>>> print(open('protein_16.cif').read())   # mmCIF, C-alpha atoms
data_model
loop_
_atom_site.label_atom_id
_atom_site.label_comp_id
_atom_site.auth_asym_id
_atom_site.auth_seq_id
_atom_site.Cartn_x
_atom_site.Cartn_y
_atom_site.Cartn_z
CA MET A 1 123.14 6.01 -15.90
CA LYS A 2 119.41 6.31 -15.21
CA ARG A 3 117.00 7.46 -17.91
CA LEU A 4 113.38 8.43 -17.70
CA TYR A 5 111.15 6.47 -20.07
CA ARG A 6 107.70 7.95 -20.61
CA ILE A 7 104.86 5.72 -21.79
CA GLU A 8 101.70 7.35 -23.10
CA ILE A 9 98.46 5.56 -23.83
CA ASP A 10 95.51 7.48 -25.26
CA VAL A 11 92.15 5.86 -24.61
CA LEU A 12 89.04 7.16 -26.34
CA LEU A 13 86.24 6.06 -24.06
CA ASP A 14 82.51 6.38 -24.55
CA ASP A 15 80.72 7.40 -21.34
CA ARG A 16 78.81 4.10 -21.44
CA MET A 17 82.10 2.22 -20.97
CA ARG A 18 83.21 4.10 -17.85
CA SER A 19 81.43 1.75 -15.44
CA ARG A 20 83.09 -1.24 -17.13
CA VAL A 21 86.55 0.28 -16.62
CA ILE A 22 85.77 1.10 -12.97
CA GLN A 23 84.41 -2.41 -12.30
CA ALA A 24 87.45 -4.05 -13.92
CA ALA A 25 89.79 -1.95 -11.76
CA ARG A 26 87.83 -2.76 -8.60
CA ASP A 27 87.94 -6.48 -9.40
CA ASP A 28 91.68 -6.23 -9.98
CA TYR A 29 92.16 -4.33 -6.71
CA ARG A 30 90.18 -6.97 -4.78
CA ASN A 31 92.59 -9.62 -6.09
CA SER A 32 95.64 -7.63 -4.97
CA ASP A 33 97.23 -6.98 -1.59
CA GLY A 34 95.29 -3.73 -1.54
CA VAL A 35 96.07 -0.51 0.27
CA TRP A 36 95.98 -0.23 4.03
CA THR A 37 95.35 2.66 6.39
CA LEU A 38 95.21 3.17 10.14
CA GLU A 39 91.77 3.43 11.74
CA ASP A 40 91.65 3.85 15.52
CA GLY A 41 95.26 2.69 15.70
CA GLU A 42 94.64 -0.54 13.77
CA LYS A 43 95.40 -1.46 10.17
CA ALA A 44 92.33 -1.53 7.94
CA ARG A 45 92.21 -2.42 4.26
CA ILE A 46 90.69 0.25 2.04
CA THR A 47 87.79 -1.24 0.09
CA ALA A 48 87.79 -1.34 -3.70
CA GLU A 49 84.87 1.10 -3.78
CA GLU A 50 86.77 3.59 -1.61
CA PHE A 51 90.02 3.21 -3.55
CA VAL A 52 88.70 3.22 -7.13
CA VAL A 53 86.32 6.18 -7.09
CA ASP A 54 86.25 7.26 -10.74
CA THR A 55 87.48 6.45 -14.23
CA LYS A 56 90.84 8.17 -13.74
CA THR A 57 91.72 6.19 -10.60
CA ALA A 58 90.45 3.06 -12.37
CA PHE A 59 92.89 3.54 -15.26
CA LEU A 60 95.72 4.23 -12.82
CA GLU A 61 94.95 1.05 -10.85
CA ILE A 62 94.87 -1.03 -14.04
CA ALA A 63 98.14 0.47 -15.32
CA GLU A 64 99.97 0.03 -12.02
CA SER A 65 98.71 -3.51 -11.54
CA ALA A 66 99.79 -4.57 -15.03
CA PHE A 67 103.19 -2.92 -14.63
CA ARG A 68 103.86 -4.55 -11.23
CA THR A 69 102.72 -7.95 -12.47
CA VAL A 70 105.22 -7.98 -15.31
CA LEU A 71 108.03 -5.99 -13.63
CA PRO A 72 107.66 -6.41 -9.85
CA ASP A 73 111.24 -5.25 -9.11
CA ILE A 74 110.92 -1.93 -10.94
CA GLU A 75 109.17 0.96 -9.20
CA PRO A 76 107.20 3.29 -11.50
CA HIS A 77 108.39 6.88 -11.05
CA ALA A 78 104.92 8.36 -11.58
CA LEU A 79 101.51 7.37 -12.89
CA ARG A 80 99.17 10.06 -14.21
CA CYS A 81 95.75 10.14 -15.77
CA GLY A 82 93.78 13.11 -17.02
CA ILE A 83 90.97 13.98 -19.36
CA GLU A 84 91.83 15.99 -22.46
CA LYS A 85 89.37 18.67 -23.49
CA GLY A 86 89.10 20.27 -26.88
CA ILE A 87 91.42 17.77 -28.54
CA GLU A 88 90.61 16.61 -32.07
CA VAL A 89 90.43 12.82 -32.22
CA LYS A 90 92.60 11.48 -35.04
CA PRO A 91 92.09 8.14 -36.82
CA LEU A 92 93.14 5.13 -34.78
CA VAL A 93 96.73 3.99 -35.28
CA ARG A 94 97.79 0.52 -34.17
CA LEU A 95 101.35 -0.35 -33.32
CA GLY A 96 102.80 -3.64 -34.51
CA TRP A 97 105.47 -5.64 -32.76
CA SER A 98 108.08 -3.33 -34.19
CA CYS A 99 106.33 -0.28 -32.65
CA ARG A 100 105.96 1.46 -36.01
CA PRO A 101 102.66 3.31 -36.47
CA ARG A 102 100.28 1.88 -39.05
CA ARG A 103 96.99 3.35 -40.23
CA ILE A 104 93.95 1.14 -39.88
CA ARG A 105 92.17 0.71 -43.19
CA ARG A 106 88.43 0.81 -43.16
#
>>> encode(input="protein_16.cif", output="structure tokens")
Amino acid sequence: MKRLYRIEIDVLLDDRMRSRVIQAARDDYRNSDGVWTLEDGEKARITAEEFVVDTKTAFLEIAESAFRTVLPDIEPHALRCGIEKGIEVKPLVRLGWSCRPRRIRR
């Protein structure tokens, strides 16, 4: 029997960090097999700058790359990234090895 497992990762990102995320994703893409397209009937590799155009595609590239590195024989069903608006940011909760939420003490 097949089951759908959904993984959610919330990332609170300051606008100053966006370029760092994009650059990391582009570097990762350059080290991969990349994505290819047909141009004038010939295969051409899409450049990192064309493929990773914004923070959302950067996060998707990083997530897919990490997933395929660890589990190359399992195909992700879907990868999504969006920007939440009007959401109250709650205190950071870290998950331990047992995946139980813990509050971070400050």
>>> atom_distance(input="protein_16.cif", atom1="atom CA of Pro72 of chain A", atom2="atom CA of Asp54 of chain A")
25.4 Å
>>> resolve_selection(input="protein_16.cif", expression="the PyMOL selection byres ((chain A and resi 7) around 12)", output="ChimeraX atom specification")
/A:4-6,8-10,63,67,76-81
>>> write_last_selection(input="protein_16.cif", atoms="C-alpha atoms", output="compact mmCIF listing (two decimals), keeping the file's coordinate frame")
# COMPACT_ATOMS: atom_id res chain seq x y z
CA LEU A 4 113.38 8.43 -17.70
CA TYR A 5 111.15 6.47 -20.07
CA ARG A 6 107.70 7.95 -20.61
CA GLU A 8 101.70 7.35 -23.10
CA ILE A 9 98.46 5.56 -23.83
CA ASP A 10 95.51 7.48 -25.26
CA ALA A 63 98.14 0.47 -15.32
CA PHE A 67 103.19 -2.92 -14.63
CA PRO A 76 107.20 3.29 -11.50
CA HIS A 77 108.39 6.88 -11.05
CA ALA A 78 104.92 8.36 -11.58
CA LEU A 79 101.51 7.37 -12.89
CA ARG A 80 99.17 10.06 -14.21
CA CYS A 81 95.75 10.14 -15.77
>>> atom_distance(input="protein_16.cif", atom1="atom CA of Ala24 of chain A", atom2="atom CA of Ile62 of chain A")
8.0 Å
>>> resolve_selection(input="protein_16.cif", expression="the PyMOL selection byres ((chain A and resi 23) around 10)", output="list in words")
Arg18, Ser19, Arg20, Val21, Ile22, Ala24, Ala25, Arg26, Asp27, Asp28, Tyr29, Ala48, Glu49, Val52, Asp54, Thr55 and Ala58 of chain A
>>> atom_distance(input="protein_16.cif", atom1="atom CA of Lys90 of chain A", atom2="atom CA of Thr57 of chain A")
25.0 Å
>>> residues_around(input="protein_16.cif", residues="Thr37 of chain A", least_positions_apart="3", cutoff="12 Å", atoms="only C-alpha atoms", output="list in words")
Gly34, Asp40, Gly41, Glu42, Lys43, Ala44, Arg45, Ile46, Thr47, Glu50 and Phe51 of chain A
>>> closest_residue(input="protein_16.cif", among="A:Val11, A:Ile83, A:Asp33, A:Leu38", to="Ser65 of chain A", atoms="all atoms listed in the file")
A:Asp33
>>> closest_residue(input="protein_16.cif", among="A:Gly82, A:Ile87, A:Ala66, A:Glu75", to="Ser32 of chain A", atoms="all atoms listed in the file")
A:Ala66
>>> decode(input="protein_16.cif", residues="chain A", atoms="C-alpha atoms", output="short mmCIF file (atom, residue, chain, number, x, y, z; two decimals), in the first residue's frame")
data_model
loop_
_atom_site.label_atom_id
_atom_site.label_comp_id
_atom_site.auth_asym_id
_atom_site.auth_seq_id
_atom_site.Cartn_x
_atom_site.Cartn_y
_atom_site.Cartn_z
CA MET A 1 0.00 0.00 0.00
CA LYS A 2 1.30 3.45 -0.91
CA ARG A 3 1.00 6.37 1.50
CA LEU A 4 1.61 10.03 0.99
CA TYR A 5 4.09 11.51 3.45
CA ARG A 6 4.10 15.31 3.63
CA ILE A 7 7.18 17.12 4.92
CA GLU A 8 6.87 20.78 5.86
CA ILE A 9 9.75 23.09 6.63
CA ASP A 10 9.08 26.68 7.66
CA VAL A 11 11.98 29.04 7.03
CA LEU A 12 11.91 32.56 8.42
CA LEU A 13 14.25 34.46 6.15
CA ASP A 14 15.43 38.03 6.40
CA ASP A 15 15.51 39.76 3.00
CA ARG A 16 19.28 40.20 3.39
CA MET A 17 19.70 36.40 3.32
CA ARG A 18 17.80 35.84 0.07
CA SER A 19 20.88 36.30 -2.13
CA ARG A 20 22.78 33.76 -0.01
CA VAL A 21 20.03 31.16 -0.52
CA ILE A 22 19.93 31.84 -4.27
CA GLN A 23 23.72 31.61 -4.59
CA ALA A 24 23.84 28.34 -2.64
CA ALA A 25 21.17 26.84 -4.90
CA ARG A 26 22.98 28.01 -8.04
CA ASP A 27 26.25 26.50 -6.80
CA ASP A 28 24.45 23.24 -6.06
CA TYR A 29 22.81 23.25 -9.50
CA ARG A 30 26.19 23.81 -11.20
CA ASN A 31 27.51 20.69 -9.46
CA SER A 32 24.56 18.59 -10.65
CA ASP A 33 23.62 17.07 -14.00
CA GLY A 34 21.45 20.13 -14.53
CA VAL A 35 18.37 20.53 -16.67
CA TRP A 36 18.47 20.36 -20.44
CA THR A 37 16.31 21.86 -23.16
CA LEU A 38 16.23 21.84 -26.94
CA GLU A 39 17.54 24.92 -28.74
CA ASP A 40 17.54 24.83 -32.54
CA GLY A 41 17.14 21.06 -32.39
CA GLU A 42 20.16 20.53 -30.13
CA LYS A 43 20.37 19.81 -26.40
CA ALA A 44 21.48 22.79 -24.35
CA ARG A 45 22.02 22.91 -20.60
CA ILE A 46 20.02 25.57 -18.80
CA THR A 47 22.38 27.81 -16.84
CA ALA A 48 22.13 28.13 -13.07
CA GLU A 49 21.10 31.78 -13.44
CA GLU A 50 18.25 30.83 -15.79
CA PHE A 51 17.10 27.90 -13.65
CA VAL A 52 17.32 29.46 -10.17
CA VAL A 53 15.60 32.80 -10.69
CA ASP A 54 14.32 33.64 -7.20
CA THR A 55 14.26 32.53 -3.58
CA LYS A 56 11.36 30.11 -4.10
CA THR A 57 13.08 28.21 -6.92
CA ALA A 58 16.29 28.29 -4.86
CA PHE A 59 14.61 26.54 -1.93
CA LEU A 60 13.05 23.99 -4.28
CA GLU A 61 16.42 23.24 -5.89
CA ILE A 62 18.07 22.79 -2.49
CA ALA A 63 15.26 20.53 -1.22
CA GLU A 64 15.20 18.37 -4.35
CA SER A 65 18.98 18.07 -4.47
CA ALA A 66 19.20 16.99 -0.82
CA PHE A 67 16.34 14.51 -1.24
CA ARG A 68 17.86 12.92 -4.38
CA THR A 69 21.31 12.73 -2.80
CA VAL A 70 20.06 10.71 0.14
CA LEU A 71 17.26 8.77 -1.61
CA PRO A 72 18.12 8.58 -5.33
CA ASP A 73 15.68 5.71 -6.01
CA ILE A 74 12.63 7.50 -4.61
CA GLU A 75 10.87 10.08 -6.77
CA PRO A 76 9.34 13.03 -4.87
CA HIS A 77 5.64 13.33 -5.69
CA ALA A 78 5.65 17.14 -5.52
CA LEU A 79 7.83 19.97 -4.28
CA ARG A 80 6.21 23.31 -3.42
CA CYS A 81 7.40 26.61 -2.05
CA GLY A 82 5.39 29.71 -1.28
CA ILE A 83 5.53 32.85 0.79
CA GLU A 84 3.09 33.16 3.67
CA LYS A 85 1.56 36.58 4.24
CA GLY A 86 -0.09 37.79 7.40
CA ILE A 87 1.10 34.83 9.47
CA GLU A 88 2.17 35.45 13.07
CA VAL A 89 5.68 34.11 13.66
CA LYS A 90 5.77 31.88 16.72
CA PRO A 91 8.85 31.18 18.86
CA LEU A 92 11.35 28.83 17.25
CA VAL A 93 10.87 25.15 18.08
CA ARG A 94 13.70 22.69 17.44
CA LEU A 95 13.12 19.01 16.89
CA GLY A 96 15.41 16.49 18.54
CA TRP A 97 16.30 13.10 17.19
CA SER A 98 13.00 11.77 18.47
CA CYS A 99 11.08 14.43 16.48
CA ARG A 100 9.36 15.79 19.58
CA PRO A 101 8.98 19.58 19.64
CA ARG A 102 11.01 21.43 22.25
CA ARG A 103 10.91 25.13 23.07
CA ILE A 104 14.19 26.99 22.83
CA ARG A 105 15.02 28.76 26.07
CA ARG A 106 16.45 32.21 25.83
#
